[in-house]
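What's in start.pdb: PDB, C-alpha atoms
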ATOM      1  CA  MET K   1       0.000   0.000   0.000
ATOM      2  CA  PRO K   2       1.227   3.512  -0.677
ATOM      3  CA  LYS K   3       1.148   6.615   1.500
ATOM      4  CA  PHE K   4      -1.966   7.473   3.450
ATOM      5  CA  GLN K   5      -4.531   9.223   1.245
ATOM      6  CA  LYS K   6      -5.423  11.328   4.247
ATOM      7  CA  HIS K   7      -3.495  11.601   7.476
ATOM      8  CA  ILE K   8      -5.576  13.051  10.295
ATOM      9  CA  PHE K   9      -3.712  14.430  13.288
ATOM     10  CA  ILE K  10      -5.824  14.883  16.407
ATOM     11  CA  CYS K  11      -4.378  16.917  19.246
ATOM     12  CA  CYS K  12      -4.122  14.868  22.418
ATOM     13  CA  ASN K  13      -2.270  17.482  24.419
ATOM     14  CA  GLN K  14      -3.331  18.106  27.975
ATOM     15  CA  ARG K  15      -3.342  21.364  29.879
ATOM     16  CA  PRO K  16      -4.655  22.115  33.357
ATOM     17  CA  ALA K  17      -8.375  22.906  33.498
ATOM     18  CA  THR K  18      -7.480  26.436  34.598
ATOM     19  CA  ASP K  19      -5.342  27.165  31.521
ATOM     20  CA  PRO K  20      -6.997  29.971  29.526
ATOM     21  CA  ARG K  21      -5.902  28.318  26.280
ATOM     22  CA  GLY K  22      -8.141  25.363  27.003
ATOM     23  CA  CYS K  23      -7.265  21.698  26.617
ATOM     24  CA  CYS K  24      -7.731  19.546  23.515
ATOM     25  CA  ASP K  25      -7.951  16.257  25.400
ATOM     26  CA  PRO K  26      -9.547  16.780  28.811
ATOM     27  CA  SER K  27      -9.688  13.084  29.700
ATOM     28  CA  GLY K  28      -6.080  12.512  28.686
ATOM     29  CA  LYS K  29      -7.138   9.317  26.972
ATOM     30  CA  GLY K  30      -7.254  10.466  23.367
ATOM     31  CA  ASP K  31     -11.039  10.066  23.221
ATOM     32  CA  LEU K  32     -11.475  12.100  20.039
ATOM     33  CA  GLN K  33      -8.687  10.243  18.255
ATOM     34  CA  ARG K  34     -10.298   6.958  19.205
ATOM     35  CA  VAL K  35     -13.650   8.027  17.731
ATOM     36  CA  PHE K  36     -11.941   8.856  14.438
ATOM     37  CA  LYS K  37     -10.088   5.530  14.496
ATOM     38  CA  VAL K  38     -13.184   3.453  15.180
ATOM     39  CA  LYS K  39     -15.271   5.229  12.554
ATOM     40  CA  LEU K  40     -12.567   4.877   9.889
ATOM     41  CA  ALA K  41     -12.380   1.175  10.662
ATOM     42  CA  GLN K  42     -16.158   0.859  10.426
ATOM     43  CA  ARG K  43     -16.003   2.311   6.923
ATOM     44  CA  GLY K  44     -13.177  -0.031   5.932
ATOM     45  CA  ILE K  45     -10.701   2.782   5.198
ATOM     46  CA  LYS K  46      -8.429   2.356   8.198
ATOM     47  CA  GLY K  47      -5.536   1.248   5.989
ATOM     48  CA  THR K  48      -5.542   4.226   3.659
ATOM     49  CA  VAL K  49      -6.516   6.914   6.154
ATOM     50  CA  ARG K  50      -4.873   7.249   9.536
ATOM     51  CA  ALA K  51      -6.252   8.900  12.661
ATOM     52  CA  ASN K  52      -3.060   9.834  14.455
ATOM     53  CA  LYS K  53      -2.475  11.086  17.964
ATOM     54  CA  ALA K  54      -0.572  14.359  17.941
ATOM     55  CA  GLY K  55       1.099  16.493  20.549
ATOM     56  CA  CYS K  56       0.185  20.168  20.794
ATOM     57  CA  LEU K  57      -0.619  21.594  17.361
ATOM     58  CA  ASP K  58      -0.070  25.114  18.696
ATOM     59  CA  GLN K  59      -3.523  26.519  17.954
ATOM     60  CA  CYS K  60      -4.658  25.889  21.507
ATOM     61  CA  VAL K  61      -7.372  28.489  21.870
ATOM     62  CA  HIS K  62      -9.250  27.001  18.920
ATOM     63  CA  GLY K  63      -9.221  23.452  20.228
ATOM     64  CA  PRO K  64      -9.901  20.655  20.212
ATOM     65  CA  ASN K  65      -7.813  20.858  17.065
ATOM     66  CA  VAL K  66      -7.474  18.506  14.133
ATOM     67  CA  VAL K  67      -5.378  18.953  10.994
ATOM     68  CA  VAL K  68      -5.801  16.856   7.869
ATOM     69  CA  TYR K  69      -2.814  16.343   5.580
ATOM     70  CA  PRO K  70      -1.733  16.485   2.831
ATOM     71  CA  ASP K  71      -4.618  18.953   2.421
ATOM     72  CA  ALA K  72      -3.452  21.135   5.332
ATOM     73  CA  VAL K  73      -7.029  21.753   6.401
ATOM     74  CA  TRP K  74      -7.284  22.859  10.024
ATOM     75  CA  TYR K  75     -10.352  22.233  12.152
ATOM     76  CA  GLY K  76     -11.121  23.760  15.524
ATOM     77  CA  GLY K  77     -13.653  23.043  18.218
ATOM     78  CA  VAL K  78     -14.026  19.488  17.005
ATOM     79  CA  THR K  79     -16.175  17.125  19.061
ATOM     80  CA  ALA K  80     -17.057  13.474  18.687
ATOM     81  CA  ASP K  81     -20.342  14.582  17.123
ATOM     82  CA  ASP K  82     -18.431  16.140  14.203
ATOM     83  CA  VAL K  83     -16.433  13.067  13.258
ATOM     84  CA  ASP K  84     -18.984  11.436  10.956
ATOM     85  CA  GLU K  85     -19.354  14.643   8.959
ATOM     86  CA  ILE K  86     -15.599  15.175   8.655
ATOM     87  CA  ILE K  87     -15.087  11.613   7.468
ATOM     88  CA  GLN K  88     -18.022  11.555   5.085
ATOM     89  CA  SER K  89     -17.642  15.013   3.598
ATOM     90  CA  HIS K  90     -13.905  15.630   3.694
ATOM     91  CA  ILE K  91     -12.046  12.353   4.058
ATOM     92  CA  ILE K  92     -14.226  10.410   1.655
ATOM     93  CA  GLY K  93     -15.813  13.208  -0.395
ATOM     94  CA  ASN K  94     -12.929  15.681  -0.486
ATOM     95  CA  GLN K  95     -15.223  18.512   0.636
ATOM     96  CA  PRO K  96     -13.849  20.045   3.836
ATOM     97  CA  VAL K  97     -16.387  20.882   6.534
ATOM     98  CA  THR K  98     -16.453  24.643   6.237
ATOM     99  CA  ARG K  99     -18.171  25.391   9.537
ATOM    100  CA  LEU K 100     -15.299  23.828  11.508
ATOM    101  CA  ILE K 101     -12.359  25.271   9.614
ATOM    102  CA  ILE K 102      -9.990  27.552  11.522
ATOM    103  CA  PRO K 103      -9.625  30.620   9.287
ATOM    104  CA  ASP K 104      -6.129  31.203   7.894
ATOM    105  CA  SER K 105      -6.147  34.588   9.606
ATOM    106  CA  CYS K 106      -6.413  32.836  12.990
ATOM    107  CA  LEU K 107      -3.724  30.190  12.405
ATOM    108  CA  ASN K 108      -0.516  31.008  14.232
ATOM    109  CA  ALA K 109      -1.853  34.492  14.885
ATOM    110  CA  GLU K 110      -0.719  36.331  17.969
ATOM    111  CA  GLN K 111      -4.181  37.814  18.222
ATOM    112  CA  CYS K 112      -7.475  36.801  16.695
ATOM    113  CA  PRO K 113     -11.093  37.242  17.745
ATOM    114  CA  HIS K 114     -11.191  33.804  19.367
ATOM    115  CA  LYS K 115      -7.988  34.272  21.265
ATOM    116  CA  THR K 116      -9.030  37.600  22.720
ATOM    117  CA  LYS K 117     -12.426  36.280  23.718
ATOM    118  CA  LYS K 118     -11.235  33.166  25.435
ATOM    119  CA  ILE K 119      -8.188  34.472  27.247
ATOM    120  CA  GLU K 120      -9.523  37.725  28.634
TER     121      GLU K 120
ATOM    122  CA  MET B 121       0.831  34.186  10.066
ATOM    123  CA  PRO B 122      -0.615  31.566   7.772
ATOM    124  CA  LYS B 123      -0.368  27.772   7.885
ATOM    125  CA  PHE B 124       2.936  26.124   8.633
ATOM    126  CA  GLN B 125       5.119  25.954   5.529
ATOM    127  CA  LYS B 126       6.310  22.577   6.745
ATOM    128  CA  HIS B 127       4.809  20.526   9.537
ATOM    129  CA  ILE B 128       7.177  17.875  10.809
ATOM    130  CA  PHE B 129       5.678  15.004  12.790
ATOM    131  CA  ILE B 130       8.160  13.032  14.856
ATOM    132  CA  CYS B 131       7.018   9.728  16.300
ATOM    133  CA  CYS B 132       7.253   9.715  20.080
ATOM    134  CA  ASN B 133       5.581   6.362  20.555
ATOM    135  CA  GLN B 134       7.074   3.940  23.030
ATOM    136  CA  ARG B 135       7.208   0.190  22.844
ATOM    137  CA  PRO B 136       8.945  -2.281  25.160
ATOM    138  CA  ALA B 137      12.618  -2.872  24.364
ATOM    139  CA  THR B 138      11.734  -6.469  23.486
ATOM    140  CA  ASP B 139       9.190  -5.510  20.813
ATOM    141  CA  PRO B 140      10.475  -6.722  17.423
ATOM    142  CA  ARG B 141       9.019  -3.613  15.781
ATOM    143  CA  GLY B 142      11.445  -1.431  17.679
ATOM    144  CA  CYS B 143      10.655   1.814  19.451
ATOM    145  CA  CYS B 144      10.805   5.327  17.988
ATOM    146  CA  ASP B 145      11.380   7.072  21.309
ATOM    147  CA  PRO B 146      13.383   4.846  23.648
ATOM    148  CA  SER B 147      13.795   7.472  26.376
ATOM    149  CA  GLY B 148      10.107   8.360  26.319
ATOM    150  CA  LYS B 149      11.042  12.015  26.483
ATOM    151  CA  GLY B 150      10.659  13.005  22.849
ATOM    152  CA  ASP B 151      14.409  13.564  22.458
ATOM    153  CA  LEU B 152      14.346  13.599  18.656
ATOM    154  CA  GLN B 153      11.417  16.026  18.549
ATOM    155  CA  ARG B 154      13.265  18.329  20.910
ATOM    156  CA  VAL B 155      16.346  18.358  18.664
ATOM    157  CA  PHE B 156      14.193  19.386  15.711
ATOM    158  CA  LYS B 157      12.503  22.064  17.796
ATOM    159  CA  VAL B 158      15.735  23.568  19.085
ATOM    160  CA  LYS B 159      17.384  23.578  15.675
ATOM    161  CA  LEU B 160      14.375  25.209  14.006
ATOM    162  CA  ALA B 161      14.432  27.899  16.677
ATOM    163  CA  GLN B 162      18.157  28.435  16.162
ATOM    164  CA  ARG B 163      17.481  29.095  12.497
ATOM    165  CA  GLY B 164      14.655  31.500  13.296
ATOM    166  CA  ILE B 165      12.000  29.444  11.495
ATOM    167  CA  LYS B 166      10.154  28.097  14.509
ATOM    168  CA  GLY B 167       7.052  30.114  13.644
ATOM    169  CA  THR B 168       6.635  28.875  10.096
ATOM    170  CA  VAL B 169       7.814  25.300  10.591
ATOM    171  CA  ARG B 170       6.620  23.117  13.433
ATOM    172  CA  ALA B 171       8.322  20.088  14.946
ATOM    173  CA  ASN B 172       5.360  18.210  16.334
ATOM    174  CA  LYS B 173       5.193  15.240  18.641
ATOM    175  CA  ALA B 174       3.173  12.427  17.097
ATOM    176  CA  GLY B 175       1.785   9.159  18.321
ATOM    177  CA  CYS B 176       2.566   5.972  16.425
ATOM    178  CA  LEU B 177       2.866   6.670  12.690
ATOM    179  CA  ASP B 178       2.360   2.966  11.958
ATOM    180  CA  GLN B 179       5.627   2.329  10.138
ATOM    181  CA  CYS B 180       7.246   0.965  13.282
ATOM    182  CA  VAL B 181       9.885  -1.308  11.810
ATOM    183  CA  HIS B 182      11.416   1.619   9.922
ATOM    184  CA  GLY B 183      11.688   3.886  12.953
ATOM    185  CA  PRO B 184      12.477   6.273  14.366
ATOM    186  CA  ASN B 185       9.987   7.732  11.916
ATOM    187  CA  VAL B 186       9.348  11.275  10.797
ATOM    188  CA  VAL B 187       6.853  12.518   8.227
ATOM    189  CA  VAL B 188       6.940  15.992   6.710
ATOM    190  CA  TYR B 189       3.700  17.556   5.472
ATOM    191  CA  PRO B 190       2.276  18.879   3.251
ATOM    192  CA  ASP B 191       4.994  17.150   1.201
ATOM    193  CA  ALA B 192       4.117  13.692   2.585
ATOM    194  CA  VAL B 193       7.786  12.725   2.671
ATOM    195  CA  TRP B 194       8.455   9.841   5.051
ATOM    196  CA  TYR B 195      11.797   9.338   6.757
ATOM    197  CA  GLY B 196      12.950   6.245   8.618
ATOM    198  CA  GLY B 197      15.843   5.484  10.934
ATOM    199  CA  VAL B 198      16.182   9.151  11.803
ATOM    200  CA  THR B 199      18.662  10.097  14.502
ATOM    201  CA  ALA B 200      19.644  13.408  16.052
ATOM    202  CA  ASP B 201      22.653  13.438  13.723
ATOM    203  CA  ASP B 202      20.311  13.655  10.713
ATOM    204  CA  VAL B 203      18.325  16.671  11.857
ATOM    205  CA  ASP B 204      20.610  19.385  10.498
ATOM    206  CA  GLU B 205      20.605  17.781   7.063
ATOM    207  CA  ILE B 206      16.815  17.371   7.002
ATOM    208  CA  ILE B 207      16.300  20.989   8.014
ATOM    209  CA  GLN B 208      18.905  22.427   5.684
ATOM    210  CA  SER B 209      18.202  20.316   2.627
ATOM    211  CA  HIS B 210      14.483  19.611   2.858
ATOM    212  CA  ILE B 211      12.803  22.097   5.182
ATOM    213  CA  ILE B 212      14.726  25.112   3.941
ATOM    214  CA  GLY B 213      15.929  23.929   0.526
ATOM    215  CA  ASN B 214      12.960  21.781  -0.526
ATOM    216  CA  GLN B 215      15.266  18.895  -1.426
ATOM    217  CA  PRO B 216      14.261  15.820   0.581
ATOM    218  CA  VAL B 217      17.098  13.748   2.046
ATOM    219  CA  THR B 218      16.977  10.762  -0.255
ATOM    220  CA  ARG B 219      19.079   8.397   1.847
ATOM    221  CA  LEU B 220      16.547   8.533   4.713
ATOM    222  CA  ILE B 221      13.335   8.237   2.738
ATOM    223  CA  ILE B 222      11.155   5.206   3.389
ATOM    224  CA  PRO B 223      10.373   3.825  -0.075
ATOM    225  CA  ASP B 224       6.719   3.966  -1.091
ATOM    226  CA  SER B 225       6.833   0.193  -1.510
ATOM    227  CA  CYS B 226       7.601  -0.152   2.217
ATOM    228  CA  LEU B 227       4.962   2.274   3.510
ATOM    229  CA  ASN B 228       1.987   0.469   5.001
ATOM    230  CA  ALA B 229       3.267  -2.764   3.466
ATOM    231  CA  GLU B 230       2.471  -6.030   5.170
ATOM    232  CA  GLN B 231       5.877  -7.267   4.128
ATOM    233  CA  CYS B 232       8.964  -5.456   2.975
ATOM    234  CA  PRO B 233      12.681  -6.267   3.138
ATOM    235  CA  HIS B 234      13.131  -4.269   6.336
ATOM    236  CA  LYS B 235      10.177  -5.818   8.072
ATOM    237  CA  THR B 236      11.267  -9.363   7.335
ATOM    238  CA  LYS B 237      14.807  -8.694   8.430
ATOM    239  CA  LYS B 238      13.994  -7.050  11.691
ATOM    240  CA  ILE B 239      11.170  -9.229  12.900
ATOM    241  CA  GLU B 240      12.540 -12.674  12.132
TER     242      GLU B 240
END

Show this structure as structure tokens.
Amino acid sequence: MPKFQKHIFICCNQRPATDPRGCCDPSGKGDLQRVFKVKLAQRGIKGTVRANKAGCLDQCVHGPNVVVYPDAVWYGGVTADDVDEIIQSHIIGNQPVTRLIIPDSCLNAEQCPHKTKKIE
Amino acid sequence: MPKFQKHIFICCNQRPATDPRGCCDPSGKGDLQRVFKVKLAQRGIKGTVRANKAGCLDQCVHGPNVVVYPDAVWYGGVTADDVDEIIQSHIIGNQPVTRLIIPDSCLNAEQCPHKTKKIE
């Protein structure tokens, strides 16, 4: 088999509950990554698409964060309820889920509307 | 700032020393990821290139494994001594380091020359 058609990195970084940046994996057990993994397996595409645990993706205030490569599509605020849509629309259908995308203007930005709101 | 120009995922997965698949992060401290991180910072490109911890990248027998996106270039057997060359040649110069690349025929393969050799 060749390279993964899609490689999904799910942030499993933990921060204290009091951290104003939030925490992508509150349980510390990679729950969101596991949901992706199970649902990919159910669709029979586990071999060509990988749901990968990742350390901090450095977009903390937008989390829980997920980035899909090689597309370089960034999602923020992802919950288990969003996984079916991401897989069906983006991973299988190549149509990213617009409502969850972190805008380019917010990626790696020192300030953005979300950052200001959450940290202050 | 926009998306990362290069996003480097370094496997920090641990397996027991007796596991025939080997272990990408024997110390369990993400040593290789830290070397990437420090050397990117030294070159002043920490903001546009990220050295990210990753869970198992599923190419265990080729490890320590590193994958660079959005290029989808896979490296195997990476050591701290290789980091300068990867950064200089590939990350900055866009010329992947051929000698470290995991061949496409080995990626996600049930059998490959390396797998047979190491597991038997």

Enumerate, as number ranges by chain, the residues matched when the ChimeraX specification (/B :<7) & /K is run on the file above. K: 1-3, 52-55, 57, 69-72, 104-105, 107-109

Give me a file of those residues, with C-alpha atoms, as a short mmCIF file (atom, residue, chain, number, x, y, z; two decimals), in the frame of the given file.
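Final output, selection.cif:
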data_model
loop_
_atom_site.label_atom_id
_atom_site.label_comp_id
_atom_site.auth_asym_id
_atom_site.auth_seq_id
_atom_site.Cartn_x
_atom_site.Cartn_y
_atom_site.Cartn_z
CA MET K 1 0.00 0.00 0.00
CA PRO K 2 1.23 3.51 -0.68
CA LYS K 3 1.15 6.62 1.50
CA ASN K 52 -3.06 9.83 14.46
CA LYS K 53 -2.48 11.09 17.96
CA ALA K 54 -0.57 14.36 17.94
CA GLY K 55 1.10 16.49 20.55
CA LEU K 57 -0.62 21.59 17.36
CA TYR K 69 -2.81 16.34 5.58
CA PRO K 70 -1.73 16.48 2.83
CA ASP K 71 -4.62 18.95 2.42
CA ALA K 72 -3.45 21.14 5.33
CA ASP K 104 -6.13 31.20 7.89
CA SER K 105 -6.15 34.59 9.61
CA LEU K 107 -3.72 30.19 12.40
CA ASN K 108 -0.52 31.01 14.23
CA ALA K 109 -1.85 34.49 14.88
#

Can I have chain B aligned to chain K? Use a least-squares fit on all Cα atoms paired in order and write it out as a tab-separated table (two decimals) with C-alpha atoms, keeping the file's coordinate frame.
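The resulting file, out.tsv, is reproduced below:
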chain	number	residue	atom	x	y	z
B	121	MET	CA	-0.01	0.01	-0.01
B	122	PRO	CA	1.23	3.51	-0.68
B	123	LYS	CA	1.14	6.62	1.50
B	124	PHE	CA	-1.97	7.47	3.45
B	125	GLN	CA	-4.53	9.21	1.25
B	126	LYS	CA	-5.42	11.34	4.24
B	127	HIS	CA	-3.49	11.60	7.48
B	128	ILE	CA	-5.57	13.05	10.28
B	129	PHE	CA	-3.71	14.44	13.29
B	130	ILE	CA	-5.83	14.88	16.40
B	131	CYS	CA	-4.38	16.91	19.24
B	132	CYS	CA	-4.12	14.86	22.41
B	133	ASN	CA	-2.27	17.48	24.41
B	134	GLN	CA	-3.33	18.11	27.97
B	135	ARG	CA	-3.34	21.35	29.87
B	136	PRO	CA	-4.67	22.10	33.36
B	137	ALA	CA	-8.39	22.89	33.50
B	138	THR	CA	-7.49	26.42	34.60
B	139	ASP	CA	-5.35	27.16	31.53
B	140	PRO	CA	-7.02	29.97	29.55
B	141	ARG	CA	-5.91	28.31	26.31
B	142	GLY	CA	-8.15	25.35	27.01
B	143	CYS	CA	-7.27	21.70	26.62
B	144	CYS	CA	-7.74	19.54	23.52
B	145	ASP	CA	-7.94	16.25	25.40
B	146	PRO	CA	-9.54	16.77	28.81
B	147	SER	CA	-9.69	13.07	29.71
B	148	GLY	CA	-6.08	12.50	28.70
B	149	LYS	CA	-7.13	9.31	26.97
B	150	GLY	CA	-7.26	10.47	23.37
B	151	ASP	CA	-11.05	10.06	23.23
B	152	LEU	CA	-11.48	12.10	20.05
B	153	GLN	CA	-8.69	10.23	18.26
B	154	ARG	CA	-10.30	6.95	19.21
B	155	VAL	CA	-13.65	8.02	17.73
B	156	PHE	CA	-11.94	8.85	14.44
B	157	LYS	CA	-10.09	5.53	14.50
B	158	VAL	CA	-13.19	3.45	15.18
B	159	LYS	CA	-15.27	5.23	12.56
B	160	LEU	CA	-12.57	4.88	9.89
B	161	ALA	CA	-12.38	1.17	10.66
B	162	GLN	CA	-16.16	0.86	10.43
B	163	ARG	CA	-15.99	2.32	6.94
B	164	GLY	CA	-13.18	-0.03	5.93
B	165	ILE	CA	-10.70	2.78	5.20
B	166	LYS	CA	-8.43	2.35	8.19
B	167	GLY	CA	-5.55	1.24	5.98
B	168	THR	CA	-5.55	4.22	3.65
B	169	VAL	CA	-6.51	6.91	6.15
B	170	ARG	CA	-4.88	7.25	9.54
B	171	ALA	CA	-6.25	8.90	12.66
B	172	ASN	CA	-3.06	9.84	14.45
B	173	LYS	CA	-2.48	11.08	17.95
B	174	ALA	CA	-0.57	14.36	17.93
B	175	GLY	CA	1.09	16.49	20.54
B	176	CYS	CA	0.19	20.17	20.80
B	177	LEU	CA	-0.62	21.59	17.36
B	178	ASP	CA	-0.07	25.12	18.70
B	179	GLN	CA	-3.52	26.52	17.96
B	180	CYS	CA	-4.66	25.89	21.52
B	181	VAL	CA	-7.38	28.49	21.87
B	182	HIS	CA	-9.26	27.00	18.92
B	183	GLY	CA	-9.22	23.45	20.24
B	184	PRO	CA	-9.91	20.65	20.22
B	185	ASN	CA	-7.82	20.85	17.07
B	186	VAL	CA	-7.47	18.51	14.14
B	187	VAL	CA	-5.38	18.96	11.00
B	188	VAL	CA	-5.80	16.86	7.87
B	189	TYR	CA	-2.81	16.34	5.57
B	190	PRO	CA	-1.74	16.50	2.83
B	191	ASP	CA	-4.63	18.95	2.42
B	192	ALA	CA	-3.45	21.14	5.33
B	193	VAL	CA	-7.03	21.76	6.40
B	194	TRP	CA	-7.28	22.86	10.03
B	195	TYR	CA	-10.34	22.23	12.15
B	196	GLY	CA	-11.12	23.77	15.53
B	197	GLY	CA	-13.66	23.04	18.24
B	198	VAL	CA	-14.02	19.48	17.01
B	199	THR	CA	-16.16	17.12	19.06
B	200	ALA	CA	-17.06	13.47	18.68
B	201	ASP	CA	-20.35	14.59	17.13
B	202	ASP	CA	-18.43	16.13	14.20
B	203	VAL	CA	-16.43	13.06	13.26
B	204	ASP	CA	-18.97	11.43	10.96
B	205	GLU	CA	-19.36	14.64	8.98
B	206	ILE	CA	-15.59	15.16	8.65
B	207	ILE	CA	-15.09	11.60	7.46
B	208	GLN	CA	-18.03	11.55	5.09
B	209	SER	CA	-17.65	15.01	3.61
B	210	HIS	CA	-13.91	15.62	3.69
B	211	ILE	CA	-12.04	12.34	4.05
B	212	ILE	CA	-14.22	10.41	1.64
B	213	GLY	CA	-15.81	13.21	-0.39
B	214	ASN	CA	-12.93	15.70	-0.49
B	215	GLN	CA	-15.22	18.52	0.63
B	216	PRO	CA	-13.84	20.05	3.83
B	217	VAL	CA	-16.38	20.88	6.54
B	218	THR	CA	-16.45	24.64	6.24
B	219	ARG	CA	-18.16	25.40	9.54
B	220	LEU	CA	-15.29	23.83	11.51
B	221	ILE	CA	-12.35	25.27	9.62
B	222	ILE	CA	-9.99	27.55	11.52
B	223	PRO	CA	-9.61	30.62	9.29
B	224	ASP	CA	-6.13	31.19	7.89
B	225	SER	CA	-6.15	34.58	9.61
B	226	CYS	CA	-6.41	32.82	12.99
B	227	LEU	CA	-3.72	30.18	12.40
B	228	ASN	CA	-0.51	31.00	14.23
B	229	ALA	CA	-1.85	34.50	14.88
B	230	GLU	CA	-0.72	36.35	17.96
B	231	GLN	CA	-4.18	37.82	18.21
B	232	CYS	CA	-7.46	36.81	16.67
B	233	PRO	CA	-11.09	37.25	17.73
B	234	HIS	CA	-11.19	33.82	19.36
B	235	LYS	CA	-7.98	34.30	21.26
B	236	THR	CA	-9.02	37.63	22.71
B	237	LYS	CA	-12.41	36.34	23.72
B	238	LYS	CA	-11.24	33.22	25.43
B	239	ILE	CA	-8.20	34.50	27.24
B	240	GLU	CA	-9.53	37.75	28.65

Axis-aligned box for stretch 191-210 of chain B, 3 Å per side, centre and edges in Å as AutoDock Vina command-line options:
--center_x 13.4 --center_y 14.0 --center_z 8.6 --size_x 24.5 --size_y 22.9 --size_z 20.9

Determine, counting all atoms listed in the file, which protein, DNA and RNA residues have an atom within 6 Å of an atom of stretch 16-29 of chain K; residues of the same chain fewer than 5 positions away are not included. Present the result as a PyMOL selection string. chain K and resi 60-61+63-64+119

Run the PyMOL selection byres ((chain K and resi 83) around 10) on the file and write out the hits as a ChimeraX atom specification. /K:32-33,35-37,39-40,78-82,84-89

Model the absent atoms of stretch 12-31 of chain K so that N, CA and C atoms are present, and write the result as a PDB file, in the coordinates of the input.
ATOM      1  N   CYS K  12      -3.853  15.580  21.172  1.00  0.00           N
ATOM      2  CA  CYS K  12      -4.122  14.868  22.418  1.00  0.00           C
ATOM      3  C   CYS K  12      -3.346  15.515  23.560  1.00  0.00           C
ATOM      4  N   ASN K  13      -3.042  16.782  23.386  1.00  0.00           N
ATOM      5  CA  ASN K  13      -2.270  17.482  24.419  1.00  0.00           C
ATOM      6  C   ASN K  13      -3.164  17.832  25.601  1.00  0.00           C
ATOM      7  N   GLN K  14      -2.581  17.763  26.771  1.00  0.00           N
ATOM      8  CA  GLN K  14      -3.331  18.106  27.975  1.00  0.00           C
ATOM      9  C   GLN K  14      -2.786  19.368  28.617  1.00  0.00           C
ATOM     10  N   ARG K  15      -3.694  20.193  29.069  1.00  0.00           N
ATOM     11  CA  ARG K  15      -3.342  21.364  29.879  1.00  0.00           C
ATOM     12  C   ARG K  15      -4.241  21.368  31.104  1.00  0.00           C
ATOM     13  N   PRO K  16      -3.800  22.037  32.163  1.00  0.00           N
ATOM     14  CA  PRO K  16      -4.655  22.115  33.357  1.00  0.00           C
ATOM     15  C   PRO K  16      -6.004  22.761  33.021  1.00  0.00           C
ATOM     16  N   ALA K  17      -7.023  22.387  33.740  1.00  0.00           N
ATOM     17  CA  ALA K  17      -8.375  22.906  33.498  1.00  0.00           C
ATOM     18  C   ALA K  17      -8.415  24.425  33.625  1.00  0.00           C
ATOM     19  N   THR K  18      -7.485  24.987  34.371  1.00  0.00           N
ATOM     20  CA  THR K  18      -7.480  26.436  34.598  1.00  0.00           C
ATOM     21  C   THR K  18      -6.752  27.190  33.483  1.00  0.00           C
ATOM     22  N   ASP K  19      -6.116  26.478  32.562  1.00  0.00           N
ATOM     23  CA  ASP K  19      -5.342  27.165  31.521  1.00  0.00           C
ATOM     24  C   ASP K  19      -6.289  27.893  30.567  1.00  0.00           C
ATOM     25  N   PRO K  20      -6.077  29.210  30.380  1.00  0.00           N
ATOM     26  CA  PRO K  20      -6.997  29.971  29.526  1.00  0.00           C
ATOM     27  C   PRO K  20      -6.977  29.529  28.065  1.00  0.00           C
ATOM     28  N   ARG K  21      -5.948  28.798  27.660  1.00  0.00           N
ATOM     29  CA  ARG K  21      -5.902  28.318  26.280  1.00  0.00           C
ATOM     30  C   ARG K  21      -6.809  27.119  26.053  1.00  0.00           C
ATOM     31  N   GLY K  22      -7.320  26.558  27.152  1.00  0.00           N
ATOM     32  CA  GLY K  22      -8.141  25.363  27.003  1.00  0.00           C
ATOM     33  C   GLY K  22      -7.290  24.119  26.868  1.00  0.00           C
ATOM     34  N   CYS K  23      -7.949  22.997  26.679  1.00  0.00           N
ATOM     35  CA  CYS K  23      -7.265  21.698  26.617  1.00  0.00           C
ATOM     36  C   CYS K  23      -7.941  20.854  25.552  1.00  0.00           C
ATOM     37  N   CYS K  24      -7.152  20.316  24.628  1.00  0.00           N
ATOM     38  CA  CYS K  24      -7.731  19.546  23.515  1.00  0.00           C
ATOM     39  C   CYS K  24      -8.178  18.146  23.911  1.00  0.00           C
ATOM     40  N   ASP K  25      -7.659  17.648  25.021  1.00  0.00           N
ATOM     41  CA  ASP K  25      -7.951  16.257  25.400  1.00  0.00           C
ATOM     42  C   ASP K  25      -8.172  16.183  26.903  1.00  0.00           C
ATOM     43  N   PRO K  26      -9.318  16.670  27.363  1.00  0.00           N
ATOM     44  CA  PRO K  26      -9.547  16.780  28.811  1.00  0.00           C
ATOM     45  C   PRO K  26      -9.394  15.469  29.569  1.00  0.00           C
ATOM     46  N   SER K  27      -9.776  14.361  28.974  1.00  0.00           N
ATOM     47  CA  SER K  27      -9.688  13.084  29.700  1.00  0.00           C
ATOM     48  C   SER K  27      -8.264  12.540  29.709  1.00  0.00           C
ATOM     49  N   GLY K  28      -7.441  13.030  28.774  1.00  0.00           N
ATOM     50  CA  GLY K  28      -6.080  12.512  28.686  1.00  0.00           C
ATOM     51  C   GLY K  28      -6.004  11.127  28.084  1.00  0.00           C
ATOM     52  N   LYS K  29      -7.104  10.681  27.520  1.00  0.00           N
ATOM     53  CA  LYS K  29      -7.138   9.317  26.972  1.00  0.00           C
ATOM     54  C   LYS K  29      -7.263   9.284  25.458  1.00  0.00           C
ATOM     55  N   GLY K  30      -7.161  10.446  24.827  1.00  0.00           N
ATOM     56  CA  GLY K  30      -7.254  10.466  23.367  1.00  0.00           C
ATOM     57  C   GLY K  30      -8.631  10.062  22.867  1.00  0.00           C
ATOM     58  N   ASP K  31      -9.672  10.485  23.573  1.00  0.00           N
ATOM     59  CA  ASP K  31     -11.039  10.066  23.221  1.00  0.00           C
ATOM     60  C   ASP K  31     -11.413  10.433  21.786  1.00  0.00           C
TER      61      ASP K  31
END
